[in-house]
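The file my_file26.cif contains mmCIF, C-alpha atoms:
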data_work
#
loop_
_atom_site.label_atom_id
_atom_site.label_comp_id
_atom_site.auth_asym_id
_atom_site.auth_seq_id
_atom_site.Cartn_x
_atom_site.Cartn_y
_atom_site.Cartn_z
CA MET T 67 -5.16 -97.70 51.60
CA MET T 68 -4.60 -97.25 47.85
CA ALA T 69 -6.79 -94.60 46.23
CA PHE T 70 -8.44 -96.07 43.15
CA ASP T 71 -8.80 -93.89 40.06
CA PHE T 72 -9.06 -94.36 36.30
CA ARG T 73 -5.34 -95.00 35.96
CA ALA T 74 -5.52 -97.82 38.52
CA LEU T 75 -8.67 -99.19 36.91
CA ILE T 76 -7.16 -99.76 33.47
CA ALA T 77 -3.50 -100.36 34.48
CA PRO T 78 -1.13 -101.30 32.95
CA SER T 79 -2.78 -99.61 29.96
CA ASN T 80 -2.90 -95.78 29.92
CA SER T 81 -5.74 -93.35 29.28
CA GLU T 82 -4.36 -92.11 25.94
CA ASN T 83 -4.27 -95.64 24.53
CA PHE T 84 -7.65 -96.54 26.01
CA PHE T 85 -9.48 -93.51 24.61
CA ALA T 86 -7.77 -93.85 21.21
CA GLU T 87 -8.41 -97.57 20.72
CA TYR T 88 -11.30 -98.73 22.90
CA TRP T 89 -13.60 -96.00 24.23
CA GLU T 90 -16.93 -96.27 22.33
CA ARG T 91 -15.16 -98.52 19.79
CA LYS T 92 -14.56 -102.05 21.02
CA PRO T 93 -14.27 -104.21 24.18
CA TYR T 94 -11.13 -104.17 26.28
CA HIS T 95 -10.02 -107.14 28.40
CA ASN T 96 -7.29 -107.07 31.00
CA SER T 97 -6.40 -110.37 32.66
CA ARG T 98 -4.46 -109.83 35.87
CA SER T 99 -2.69 -112.37 38.04
CA ASP T 100 -3.47 -110.38 41.21
CA ALA T 101 -6.66 -111.78 42.76
CA CYS T 102 -6.62 -109.05 45.42
CA TYR T 103 -6.25 -106.16 42.97
CA TYR T 104 -9.70 -104.73 43.74
CA SER T 105 -9.49 -105.27 47.51
CA PRO T 106 -9.11 -101.53 48.20
CA LEU T 107 -12.47 -101.04 46.49
CA LEU T 108 -14.53 -104.02 47.57
CA LYS T 109 -14.03 -107.64 48.62
CA ASN T 110 -16.34 -110.62 48.35
CA GLU T 111 -16.61 -110.65 52.15
CA ASP T 112 -17.65 -106.98 52.10
CA LEU T 113 -20.62 -107.88 49.92
CA GLU T 114 -21.62 -110.64 52.32
CA THR T 115 -21.41 -108.19 55.23
CA ILE T 116 -23.43 -105.53 53.40
CA ILE T 117 -26.18 -107.99 52.53
CA SER T 118 -26.20 -109.52 56.02
CA SER T 119 -26.07 -106.41 58.17
CA ALA T 120 -26.55 -103.17 56.24
CA ASP T 121 -30.37 -103.46 56.34
CA LEU T 122 -30.62 -102.26 52.74
CA ARG T 123 -34.16 -101.41 51.71
CA TYR T 124 -35.58 -102.14 48.29
CA PRO T 125 -34.55 -100.96 45.67
CA ALA T 126 -31.03 -100.84 47.14
CA ILE T 127 -31.11 -104.67 47.10
CA GLN T 128 -32.79 -106.64 44.32
CA LEU T 129 -32.96 -110.22 43.03
CA ALA T 130 -32.92 -111.31 39.38
CA ARG T 131 -33.43 -114.66 37.70
CA ASN T 132 -33.88 -115.81 34.11
CA GLY T 133 -33.64 -112.30 32.70
CA SER T 134 -36.09 -110.50 34.95
CA TYR T 135 -36.22 -109.00 38.43
CA LEU T 136 -38.22 -110.69 41.16
CA PRO T 137 -40.98 -108.66 42.85
CA ALA T 138 -39.81 -107.11 46.10
CA GLU T 139 -42.44 -109.10 47.99
CA ALA T 140 -40.52 -112.30 47.21
CA TYR T 141 -37.59 -111.38 49.47
CA THR T 142 -38.63 -108.48 51.72
CA LYS T 143 -41.01 -108.09 54.63
CA ASN T 144 -42.75 -105.35 56.54
CA VAL T 145 -41.61 -105.14 60.15
CA LYS T 146 -43.87 -103.61 62.78
CA HIS T 147 -42.27 -101.73 65.66
CA GLY T 148 -44.77 -100.32 68.09
CA GLY T 149 -47.10 -98.16 66.04
CA GLU T 150 -44.65 -97.82 63.14
CA VAL T 151 -44.08 -100.13 60.18
CA PHE T 152 -40.73 -100.49 58.39
CA ASN T 153 -41.60 -101.43 54.81
CA ARG T 154 -39.64 -103.68 52.44
CA VAL T 155 -37.01 -104.79 54.93
CA PRO T 156 -34.75 -107.52 53.45
CA ASP T 157 -35.69 -111.01 54.61
CA LEU T 158 -32.26 -112.62 54.78
CA SER T 159 -33.53 -116.21 54.95
CA ARG T 160 -35.66 -115.71 51.81
CA ILE T 161 -32.79 -113.96 50.02
CA GLN T 162 -30.49 -116.87 50.83
CA ALA T 163 -33.12 -119.36 49.65
CA GLU T 164 -33.65 -117.49 46.37
CA TYR T 165 -29.89 -117.26 45.89
CA ARG T 166 -29.53 -121.02 46.41
CA ALA T 167 -32.27 -121.49 43.80
CA GLY T 168 -30.27 -119.54 41.22
CA SER T 169 -31.16 -115.88 41.73
CA THR T 170 -28.55 -113.14 41.38
CA VAL T 171 -28.32 -110.60 44.19
CA VAL T 172 -28.01 -107.06 42.81
CA LEU T 173 -26.91 -104.04 44.83
CA PRO T 174 -27.60 -101.00 42.61
CA ALA T 175 -25.81 -97.67 43.13
CA LEU T 176 -23.57 -99.16 45.81
CA GLN T 177 -21.44 -96.00 45.76
CA ARG T 178 -24.18 -94.39 47.86
CA ILE T 179 -23.14 -96.34 50.95
CA TRP T 180 -19.61 -97.62 50.23
CA PRO T 181 -16.98 -94.83 50.46
CA PRO T 182 -14.24 -96.46 48.30
CA LEU T 183 -16.71 -96.83 45.44
CA ARG T 184 -17.96 -93.29 45.91
CA GLU T 185 -14.37 -92.05 45.65
CA LEU T 186 -13.81 -94.09 42.49
CA CYS T 187 -17.02 -92.79 40.90
CA THR T 188 -16.00 -89.23 41.76
CA ALA T 189 -12.56 -89.78 40.20
CA LEU T 190 -14.11 -91.25 37.07
CA GLU T 191 -16.51 -88.32 36.73
CA ASP T 192 -13.48 -86.03 36.94
CA GLU T 193 -11.94 -88.02 34.10
CA PHE T 194 -15.01 -88.50 31.87
CA SER T 195 -17.40 -85.63 32.77
CA HIS T 196 -20.16 -88.24 32.40
CA ALA T 197 -22.40 -89.73 35.09
CA VAL T 198 -20.96 -92.77 36.91
CA HIS T 199 -22.54 -95.42 39.12
CA ALA T 200 -21.43 -98.74 40.64
CA ASN T 201 -23.56 -101.87 40.87
CA ALA T 202 -22.57 -105.13 42.55
CA TYR T 203 -23.72 -108.60 41.46
CA LEU T 204 -23.51 -111.92 43.30
CA THR T 205 -24.43 -115.02 41.28
CA PRO T 206 -24.37 -118.62 42.59
CA GLY T 207 -22.59 -121.41 40.71
CA ASN T 208 -24.33 -122.99 37.71
CA SER T 209 -26.54 -119.97 37.13
CA SER T 210 -27.08 -116.80 35.11
CA GLY T 211 -29.13 -113.87 36.28
CA PHE T 212 -29.81 -112.16 32.96
CA THR T 213 -30.55 -113.18 29.39
CA PRO T 214 -28.47 -111.72 26.51
CA HIS T 215 -28.90 -107.95 26.25
CA TYR T 216 -27.01 -104.73 25.67
CA ASP T 217 -26.69 -101.78 28.04
CA THR T 218 -27.26 -98.16 27.09
CA HIS T 219 -24.29 -97.11 29.22
CA ASP T 220 -20.64 -98.08 28.89
CA VAL T 221 -19.57 -100.70 31.42
CA PHE T 222 -16.37 -101.64 33.23
CA VAL T 223 -16.72 -105.14 34.73
CA LEU T 224 -14.47 -105.76 37.76
CA GLN T 225 -14.31 -109.38 38.90
CA ILE T 226 -14.17 -109.38 42.71
CA GLY T 227 -14.57 -113.05 43.63
CA GLY T 228 -15.24 -116.41 42.01
CA LYS T 229 -15.36 -116.53 38.22
CA LYS T 230 -17.80 -115.86 35.40
CA LEU T 231 -17.96 -116.75 31.70
CA TRP T 232 -18.80 -113.84 29.41
CA ARG T 233 -19.95 -114.15 25.81
CA VAL T 234 -19.96 -110.91 23.81
CA PHE T 235 -21.79 -110.32 20.52
CA GLU T 236 -21.61 -107.58 17.90
CA PRO T 237 -23.93 -104.63 18.63
CA PRO T 238 -27.24 -104.62 16.73
CA LEU T 239 -27.31 -100.83 17.28
CA THR T 240 -24.11 -98.79 17.39
CA LEU T 241 -23.82 -96.62 20.52
CA PRO T 242 -27.51 -96.67 21.51
CA HIS T 243 -28.88 -93.61 23.26
CA TRP T 244 -30.10 -94.18 26.82
CA SER T 245 -33.68 -94.03 25.51
CA GLN T 246 -33.02 -96.90 23.05
CA ALA T 247 -33.16 -99.85 25.44
CA PHE T 248 -32.56 -103.42 24.24
CA THR T 249 -35.69 -105.20 23.02
CA PRO T 250 -35.40 -108.99 22.64
CA ALA T 251 -38.34 -109.21 20.22
CA GLY T 252 -37.02 -110.21 16.80
CA TYR T 253 -33.41 -110.37 17.94
CA VAL T 254 -31.56 -113.51 16.79
CA LEU T 255 -28.45 -114.27 18.82
CA PRO T 256 -25.43 -114.59 16.50
CA ARG T 257 -22.20 -116.42 17.21
CA PRO T 258 -20.15 -114.68 19.92
CA PHE T 259 -17.07 -112.90 18.66
CA LEU T 260 -15.57 -112.86 22.16
CA GLU T 261 -15.75 -115.52 24.86
CA LEU T 262 -13.73 -115.31 28.06
CA GLU T 263 -13.83 -116.21 31.75
CA LEU T 264 -13.16 -113.46 34.25
CA HIS T 265 -11.21 -114.26 37.42
CA PRO T 266 -10.62 -112.06 40.49
CA GLY T 267 -8.62 -108.97 39.49
CA ASP T 268 -9.69 -109.11 35.82
CA LEU T 269 -11.28 -106.22 33.95
CA LEU T 270 -13.65 -106.15 30.97
CA TYR T 271 -14.82 -102.95 29.26
CA LEU T 272 -17.90 -103.07 27.03
CA PRO T 273 -19.05 -100.06 25.01
CA ARG T 274 -22.80 -99.56 25.11
CA GLY T 275 -24.63 -101.59 22.50
CA TYR T 276 -22.51 -104.75 22.71
CA VAL T 277 -24.83 -107.65 23.52
CA HIS T 278 -23.48 -109.86 26.29
CA ALA T 279 -24.45 -112.89 28.33
CA ALA T 280 -22.72 -114.03 31.51
CA SER T 281 -23.00 -117.28 33.46
CA THR T 282 -21.24 -119.19 36.21
CA SER T 283 -20.07 -122.81 36.19
CA ASP T 284 -18.85 -124.66 39.27
CA ALA T 285 -18.05 -121.48 41.25
CA HIS T 286 -20.07 -118.47 42.28
CA SER T 287 -19.29 -114.97 40.94
CA ALA T 288 -18.98 -111.57 42.59
CA HIS T 289 -18.41 -108.64 40.31
CA LEU T 290 -18.81 -104.88 40.08
CA THR T 291 -20.04 -103.00 37.07
CA ILE T 292 -18.98 -99.39 36.84
CA GLY T 293 -21.49 -97.79 34.51
CA ILE T 294 -20.72 -94.61 32.53
CA THR T 295 -23.95 -92.96 31.39
CA VAL T 296 -22.75 -90.56 28.74
CA PHE T 297 -24.08 -87.14 27.81
CA THR T 298 -24.46 -87.22 24.03
CA TRP T 299 -24.91 -84.56 21.37
CA VAL T 300 -28.63 -85.38 21.69
CA GLU T 301 -28.63 -83.83 25.18
CA LEU T 302 -26.82 -80.72 23.94
CA ILE T 303 -29.21 -80.33 21.00
CA SER T 304 -32.12 -80.67 23.44
CA GLU T 305 -30.85 -77.53 25.15
CA LEU T 306 -31.02 -75.76 21.79
CA VAL T 307 -34.63 -76.88 21.33
CA ALA T 308 -35.47 -75.58 24.81
CA GLN T 309 -33.87 -72.22 23.98
CA SER T 310 -35.94 -71.97 20.79
CA LYS T 311 -39.01 -71.25 22.94
CA GLU T 312 -37.55 -67.80 23.61
CA ILE T 313 -37.91 -66.86 19.90
CA THR T 314 -41.37 -65.41 19.28
CA GLY T 315 -41.82 -66.89 15.83
CA PHE T 316 -41.22 -70.40 17.12
CA ARG T 317 -44.18 -70.10 19.46
CA ALA T 318 -46.60 -69.43 16.59
CA GLY T 319 -49.04 -72.24 15.85
CA LEU T 320 -48.70 -74.45 12.80
CA PRO T 321 -51.17 -73.59 10.00
CA PRO T 322 -54.78 -74.64 10.67
CA GLY T 323 -55.45 -77.98 9.03
CA PHE T 324 -51.75 -78.82 8.70
CA ALA T 325 -52.33 -82.51 9.52
CA ALA T 326 -55.31 -82.94 7.21
CA ARG T 327 -54.10 -81.39 3.96
CA GLU T 328 -51.45 -83.02 1.79
CA ASP T 329 -50.38 -79.69 0.26
CA PHE T 330 -49.24 -78.43 3.70
CA LYS T 331 -46.30 -80.86 3.76
CA LYS T 332 -44.18 -78.49 1.68
CA THR T 333 -45.27 -75.58 3.88
CA LEU T 334 -44.10 -77.44 6.96
CA LYS T 335 -40.78 -78.43 5.36
CA ASP T 336 -40.07 -74.86 4.21
CA GLY T 337 -41.05 -73.50 7.62
CA PHE T 338 -38.80 -76.00 9.35
CA VAL T 339 -35.83 -74.91 7.24
CA ARG T 340 -36.56 -71.26 8.04
CA CYS T 341 -36.74 -72.10 11.74
CA MET T 342 -33.37 -73.85 11.62
CA ASP T 343 -31.80 -70.89 9.85
CA GLU T 344 -33.28 -68.46 12.39
CA LEU T 345 -32.19 -70.62 15.29
CA ARG T 346 -28.64 -70.78 13.91
CA GLU T 347 -28.67 -66.99 13.63
CA LYS T 348 -30.30 -66.07 16.94
CA ALA T 349 -29.28 -68.84 19.35
CA ASP T 350 -26.99 -67.73 22.17
CA CYS T 351 -24.54 -70.63 21.92
CA ASP T 352 -22.31 -69.34 24.72
CA ARG T 353 -25.20 -69.20 27.18
CA LEU T 354 -26.53 -72.55 25.93
CA VAL T 355 -23.20 -74.33 26.46
CA GLU T 356 -22.60 -72.70 29.84
CA GLY T 357 -26.08 -73.66 31.01
CA PHE T 358 -25.56 -77.24 29.86
CA LEU T 359 -22.20 -77.48 31.63
CA GLN T 360 -23.72 -76.11 34.82
CA LYS T 361 -26.47 -78.75 34.64
CA VAL T 362 -23.87 -81.48 34.20
CA ARG T 363 -21.78 -80.22 37.13
CA SER T 364 -24.82 -80.03 39.41
CA GLY T 365 -25.49 -83.75 38.84
CA ARG T 366 -22.02 -84.87 39.87
CA VAL T 367 -21.41 -87.52 42.53
CA ARG T 368 -21.34 -85.56 45.75
CA ALA T 369 -19.05 -86.02 48.71
CA ALA T 370 -20.60 -87.88 51.61
CA GLU T 371 -22.55 -85.58 53.89
CA THR T 372 -22.09 -85.78 57.63
CA PHE T 373 -24.44 -85.03 60.47
CA GLN T 374 -23.26 -82.64 63.18
CA SER T 375 -24.90 -82.53 66.59
CA ASP T 376 -22.96 -79.57 68.05
CA VAL T 377 -24.73 -76.70 66.27
CA ARG T 378 -26.45 -73.45 67.17
CA VAL T 379 -29.73 -72.29 65.71
CA ILE T 380 -29.16 -68.99 63.91
CA GLY T 381 -31.37 -66.21 65.25
CA LEU T 382 -31.79 -62.55 64.43
CA HIS T 383 -28.93 -61.64 66.83
CA THR T 384 -26.45 -64.43 65.91
CA PRO T 385 -23.09 -62.89 64.84
CA LEU T 386 -22.11 -64.16 61.39
CA LEU T 387 -19.04 -63.76 59.19
CA VAL T 388 -18.68 -63.38 55.41
CA PRO T 389 -15.59 -64.80 53.61
CA GLU T 390 -12.70 -62.48 52.82
CA ALA T 391 -12.98 -60.28 49.73
CA GLY T 392 -11.97 -62.16 46.63
CA GLY T 393 -13.35 -65.43 47.95
CA TYR T 394 -16.73 -64.95 46.32
CA ARG T 395 -18.50 -63.16 43.46
CA ILE T 396 -21.99 -61.66 43.27
CA SER T 397 -23.67 -61.04 39.91
CA ALA T 398 -27.07 -60.97 38.20
CA GLU T 399 -28.40 -63.48 35.66
CA ASN T 400 -31.88 -63.83 34.15
CA GLY T 401 -33.44 -61.72 36.88
CA SER T 402 -31.78 -63.66 39.71
CA ALA T 403 -28.92 -62.93 42.09
CA ILE T 404 -25.93 -65.24 41.57
CA LEU T 405 -23.47 -66.04 44.37
CA GLU T 406 -20.33 -67.95 43.39
CA PHE T 407 -17.74 -69.26 45.87
CA GLU T 408 -15.52 -72.33 46.31
CA GLY T 409 -16.73 -73.81 43.02
CA LYS T 410 -20.39 -73.42 43.96
CA LYS T 411 -22.92 -71.32 42.09
CA LEU T 412 -26.04 -70.40 44.06
CA THR T 413 -29.03 -68.89 42.25
CA LEU T 414 -31.05 -66.67 44.60
CA PRO T 415 -34.26 -64.67 44.04
CA ASN T 416 -33.51 -61.06 43.12
CA HIS T 417 -35.40 -59.64 46.12
CA VAL T 418 -32.65 -60.92 48.47
CA ARG T 419 -29.93 -59.00 46.58
CA ALA T 420 -30.05 -55.94 48.85
CA ALA T 421 -29.61 -58.06 51.99
CA LEU T 422 -26.85 -60.09 50.30
CA ASP T 423 -24.96 -56.93 49.31
CA ASP T 424 -25.41 -55.49 52.79
CA MET T 425 -24.01 -58.52 54.60
CA CYS T 426 -20.99 -58.56 52.27
CA ARG T 427 -20.35 -54.86 52.96
CA ARG T 428 -20.52 -55.42 56.70
CA LYS T 429 -18.38 -58.63 56.72
CA SER T 430 -19.51 -59.22 60.31
CA PHE T 431 -23.24 -58.84 60.87
CA ARG T 432 -26.38 -60.09 62.58
CA PRO T 433 -29.37 -61.09 60.43
CA GLY T 434 -31.69 -58.61 62.15
CA GLU T 435 -29.43 -55.71 61.09
CA LEU T 436 -29.65 -56.34 57.34
CA CYS T 437 -31.27 -53.67 55.16
CA GLY T 438 -33.55 -54.28 52.21
CA PRO T 439 -37.14 -55.44 51.66
CA LEU T 440 -36.84 -58.74 53.56
CA ASP T 441 -38.80 -59.10 56.79
CA ASN T 442 -37.24 -60.85 59.78
CA ASN T 443 -38.34 -64.30 58.60
CA GLY T 444 -36.82 -63.63 55.19
CA LYS T 445 -33.53 -62.45 56.74
CA LEU T 446 -33.36 -65.56 58.90
CA SER T 447 -34.15 -67.87 55.96
CA LEU T 448 -31.41 -66.26 53.85
CA ALA T 449 -28.81 -66.36 56.65
CA ARG T 450 -29.60 -69.97 57.56
CA TYR T 451 -29.46 -71.09 53.93
CA LEU T 452 -26.10 -69.40 53.30
CA HIS T 453 -24.74 -70.89 56.52
CA GLU T 454 -25.98 -74.34 55.47
CA GLN T 455 -24.18 -73.87 52.13
CA ARG T 456 -20.99 -72.95 54.10
CA PHE T 457 -20.82 -69.39 52.79
CA LEU T 458 -21.45 -67.88 56.22
CA THR T 459 -19.82 -68.93 59.48
CA ILE T 460 -20.88 -68.19 63.03
CA GLU T 461 -18.51 -65.67 64.62
CA ALA T 462 -16.73 -67.04 67.69
CA GLN T 463 -17.45 -64.20 70.06
CA LYS T 464 -19.70 -63.29 72.92
CA SER T 465 -23.00 -61.58 72.26
CA ARG T 466 -22.86 -57.80 72.15
CA PRO T 467 -23.83 -56.01 75.36
CA GLY T 468 -27.57 -55.68 75.67
CA SER T 469 -28.32 -58.14 72.88
CA PRO T 470 -30.37 -61.25 73.53
CA THR T 471 -28.52 -64.54 73.42
CA VAL T 472 -29.29 -67.13 70.82
#
Could you express the structure from this file as C-alpha cells?
Amino acid sequence: MMAFDFRALIAPSNSENFFAEYWERKPYHNSRSDACYYSPLLKNEDLETIISSADLRYPAIQLARNGSYLPAEAYTKNVKHGGEVFNRVPDLSRIQAEYRAGSTVVLPALQRIWPPLRELCTALEDEFSHAVHANAYLTPGNSSGFTPHYDTHDVFVLQIGGKKLWRVFEPPLTLPHWSQAFTPAGYVLPRPFLELELHPGDLLYLPRGYVHAASTSDAHSAHLTIGITVFTWVELISELVAQSKEITGFRAGLPPGFAAREDFKKTLKDGFVRCMDELREKADCDRLVEGFLQKVRSGRVRAAETFQSDVRVIGLHTPLLVPEAGGYRISAENGSAILEFEGKKLTLPNHVRAALDDMCRRKSFRPGELCGPLDNNGKLSLARYLHEQRFLTIEAQKSRPGSPTV
C-alpha cells in the first residue's frame, strides 16, 4: 500500500512551490482526475464501516446541522450490561435518521483509530513541526452542516466521495491566532472570490482566517480535513514571559494605588520599558528555545501503542540489562536527573541518580542490588518505569543459584 506523505498530498506540486506561494498566503486548489487517489488513506466505505461497527463514543462521533453541533443525547444512548452502564454509545438508527434529515456526521481526530491517517499526520508533523489532526465529514445531498466561518488552523480538504461546493471569502482577520475564534456577530458575508466543486481525489488548501461555506447538491459528500494547528511567535514569546518570573525584580508588586491614580500611568510605562530591557539582557534565550522545542516534540503524534500479554512482573531479583555504552546519556538539569536515549528525554527526580548511575555501571543487575537512598519500593518503581520506557530489558537467563524466582 502506498505510504502517504506531504509530497503525495500536494502532488504534482512540490513543497518549495507550495511554501513559497501558498502557505499562510492564499488558497491552493488541485483538481485531479483520479477518483481513487485517496484510497490508501480512507475510502467512503471505510467511513460507513467505522460509523456502523467501530462503536465510537462521543465525542469521537458528533452530528452538526445549521451551524451548530447537536447535543450528544440526540444520537447516543446509555447501554446497561449487568451492573455496568456504557454511556453515550452511538445509536445507529438515530444517527441515520438525523443524517437523512440533513445532519453532517463528524468524526474528529480520526487519526487516533485509523492507522493510515495516523501515519500521514506523523509525516506532516515531520514536515511542518506543527500539530496535525484529521477529521472526517459525511454530509447528505442537499445539505450543509456549517454556516460560513473561518478556522484558526490551516486546512487541507481531501474529497473522498461524492462532491461538495465550496465558497471561499477573503479573511476578515489575517492569520488569526487559535484564541481568536470566528464570531458571526457583525460579520457581513461579502461576495466569494473563489467558488469551486470538489470531486473525489481533489484537494483544497485554506490558510487560517479564510471564511468558507460548503454545501452539497444532488449527491452526498465525504471529505477529510487535515488541520495544521501552528505554533506562532505568540507561543514562543509566552515562554519568555514565563521565564521572567525567575528575575527577582519582576516579582515585585506594582506601586500601591497604581490603578486609581492617573499620574501612575507614566510610572507603569517607564517600568515596563525597564523590564523589557532587563529581560532582553538577562533572558537565557538558548534555554528558552530548547525548552520550547522539547515541549513541541513531546506533543507529537505518537506511534500506535500495542498491548502485550506475554510479560513478566519485574521483582527485586529480576535480571535486567542496560543498553551498550554510547546508546544513552545521563546529565543533570534544574535539579533533576536527565536520561536521554533513542530520541527520548526522561526527566527523573534527583534522588534516583545514585541508583541510575549504579545500574549503568553494572550493565547487568537486579533491582534489589542497587545502591543509593532508594528503598526497595523505590528501586522497583524506577526499574519498572525504565523498562516500560524501553531503556531496560529483561535478561534472558536463568535465575542465579539461591535467588528467588520472579
Q: Would you mind listing what lies within 10 Å of Asn443 in chain T as a VMD selection string, with only C-alpha atoms counted and same-chain residues fewer than 5 positions away left out?
A: chain T and resid 381 to 382 433 to 434 448 to 449
(Q) Given the PyMOL selection byres ((chain T and resi 425) around 10) and the file above, list the residues it selects as a PyMOL selection string. (A) chain T and resi 386-388+419-424+426-433+435-437+449+458
Q | Nearest to His265 in chain T, chosen from T:Asp376, T:Thr218, T:Ala318, T:Tyr103, with all atoms listed in the file counted in the distances | A |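 Between T:Asp376, T:Thr218, T:Ala318, T:Tyr103, the residue approaching His265 in chain T most closely is T:Tyr103.
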Can you build me a table of range 210-322 of chain T residues sitting at most 12 Å from range 132-142 of chain T, with the closest atom pair per residue and its distance in Å to one decimal, using all atoms listed in the file, sorted by chain and residue number, as a Markdown table?
| residue | atom | partner | partner_atom | distance |
| --- | --- | --- | --- | --- |
| T:Ser210 | CA | T:Asn132 | CA | 6.9 |
| T:Gly211 | CA | T:Asn132 | CA | 5.6 |
| T:Phe212 | CA | T:Gly133 | CA | 3.8 |
| T:Thr213 | CA | T:Gly133 | CA | 4.6 |
| T:Pro214 | CA | T:Gly133 | CA | 8.1 |
| T:His215 | CA | T:Gly133 | CA | 9.1 |
| T:Pro250 | CA | T:Gly133 | CA | 10.7 |
| T:Ala279 | CA | T:Gly133 | CA | 10.2 |
| T:Ala280 | CA | T:Gly133 | CA | 11.1 |
| T:Ser281 | CA | T:Asn132 | CA | 11.0 |
Q.
With all atoms listed in the file as the counted atoms, please give the residues lying no more than 9 Å from Glu261 in chain T, apart from itself and same-chain residues fewer than 2 positions off, as an NGL selection string.
A. :T and (231-234 or 258-259 or 263)
Wanna dump the range 227-335 of chain T-range 350-358 of chain T contacts at 9 Å for me, each residue with its shortest atom pair and the distance in Å to one decimal, counting only C-alpha atoms, ordered by chain and number, as a tab-separated table?
residue	atom	partner	partner_atom	distance
T:Glu301	CA	T:Phe358	CA	8.6
T:Leu302	CA	T:Phe358	CA	7.0
T:Glu305	CA	T:Leu354	CA	6.6
T:Leu306	CA	T:Leu354	CA	6.9
T:Gln309	CA	T:Leu354	CA	7.6
How about saving the chosen residues, C-alpha atoms kept, as a PDB file, keeping the file's coordinate frame?
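Saved the output as result-v7.pdb:
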ATOM      1  CA  GLU T 301     -28.630 -83.830  25.180  1.00  0.00           C
ATOM      2  CA  LEU T 302     -26.820 -80.720  23.940  1.00  0.00           C
ATOM      3  CA  GLU T 305     -30.850 -77.530  25.150  1.00  0.00           C
ATOM      4  CA  LEU T 306     -31.020 -75.760  21.790  1.00  0.00           C
ATOM      5  CA  GLN T 309     -33.870 -72.220  23.980  1.00  0.00           C
TER       6      GLN T 309
END
Q. CA of Leu129 in chain T and CA of Ala202 in chain T are how many Å apart?
A.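 Distance reported for this atom pair: 11.6 Å.
Among the candidates T:Gly337, T:Gly275, T:Pro181, T:Pro322, the one nearest to Pro93 in chain T when counting all atoms listed in the file is T:Gly275.
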Q: May I ask for the distance between CA of Pro256 in chain T and CA of His95 in chain T, given in Å to one decimal place?
A: 20.8 Å
Q.
Under the rule that all atoms listed in the file are counted, which of T:Pro156, T:Gly293, T:Pro174, T:Pro266 is the nearest residue to Ala126 in chain T?
A.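 Once distances to Ala126 in chain T are computed over all atoms listed in the file, the minimum belongs to T:Pro174.
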Q: Considering only C-alpha atoms, state which residue in the set T:Val254, T:Tyr104, T:Asp121, T:Glu193 is at the smallest distance from Ser81 in chain T.
A: T:Glu193
Q: Using all atoms listed in the file, pick whichever of T:Ala120, T:Leu270, T:Ala69, T:Ala326 has the shortest atom-to-atom distance to Ser97 in chain T.
A: T:Leu270
Q.
List as a PyMOL selection string the protein and nucleic acid residues near Asn144 in chain T, meaning an atom at most 10 Å away when all atoms listed in the file are counted, but skip any in the same chain fewer than 6 places from it.
A. chain T and resi 151-157
Once the PyMOL selection byres ((chain T and resi 407-413) around 12) is applied to the coordinates I shared, what remains selected? I want it as an mmCIF file with C-alpha atoms, in the coordinates of the input.
data_model
loop_
_atom_site.group_PDB
_atom_site.id
_atom_site.type_symbol
_atom_site.label_atom_id
_atom_site.label_comp_id
_atom_site.auth_asym_id
_atom_site.auth_seq_id
_atom_site.Cartn_x
_atom_site.Cartn_y
_atom_site.Cartn_z
ATOM 1 C CA GLY T 357 -26.080 -73.660 31.010
ATOM 2 C CA GLN T 360 -23.720 -76.110 34.820
ATOM 3 C CA LYS T 361 -26.470 -78.750 34.640
ATOM 4 C CA ARG T 363 -21.780 -80.220 37.130
ATOM 5 C CA SER T 364 -24.820 -80.030 39.410
ATOM 6 C CA VAL T 388 -18.680 -63.380 55.410
ATOM 7 C CA PRO T 389 -15.590 -64.800 53.610
ATOM 8 C CA GLU T 390 -12.700 -62.480 52.820
ATOM 9 C CA ALA T 391 -12.980 -60.280 49.730
ATOM 10 C CA GLY T 392 -11.970 -62.160 46.630
ATOM 11 C CA GLY T 393 -13.350 -65.430 47.950
ATOM 12 C CA TYR T 394 -16.730 -64.950 46.320
ATOM 13 C CA ARG T 395 -18.500 -63.160 43.460
ATOM 14 C CA ILE T 396 -21.990 -61.660 43.270
ATOM 15 C CA SER T 397 -23.670 -61.040 39.910
ATOM 16 C CA ALA T 398 -27.070 -60.970 38.200
ATOM 17 C CA GLU T 399 -28.400 -63.480 35.660
ATOM 18 C CA ASN T 400 -31.880 -63.830 34.150
ATOM 19 C CA GLY T 401 -33.440 -61.720 36.880
ATOM 20 C CA SER T 402 -31.780 -63.660 39.710
ATOM 21 C CA ALA T 403 -28.920 -62.930 42.090
ATOM 22 C CA ILE T 404 -25.930 -65.240 41.570
ATOM 23 C CA LEU T 405 -23.470 -66.040 44.370
ATOM 24 C CA GLU T 406 -20.330 -67.950 43.390
ATOM 25 C CA LEU T 414 -31.050 -66.670 44.600
ATOM 26 C CA PRO T 415 -34.260 -64.670 44.040
ATOM 27 C CA ASN T 416 -33.510 -61.060 43.120
ATOM 28 C CA HIS T 417 -35.400 -59.640 46.120
ATOM 29 C CA VAL T 418 -32.650 -60.920 48.470
ATOM 30 C CA ARG T 419 -29.930 -59.000 46.580
ATOM 31 C CA LEU T 448 -31.410 -66.260 53.850
ATOM 32 C CA TYR T 451 -29.460 -71.090 53.930
ATOM 33 C CA LEU T 452 -26.100 -69.400 53.300
ATOM 34 C CA GLN T 455 -24.180 -73.870 52.130
ATOM 35 C CA ARG T 456 -20.990 -72.950 54.100
ATOM 36 C CA PHE T 457 -20.820 -69.390 52.790
ATOM 37 C CA LEU T 458 -21.450 -67.880 56.220
#
Q: List the residues selected by the PyMOL selection byres ((chain T and resi 191) around 12) in the file shown, writing them as number ranges by chain.
A: T: 71-72, 184-190, 192-199, 292-297, 362-363, 365-368
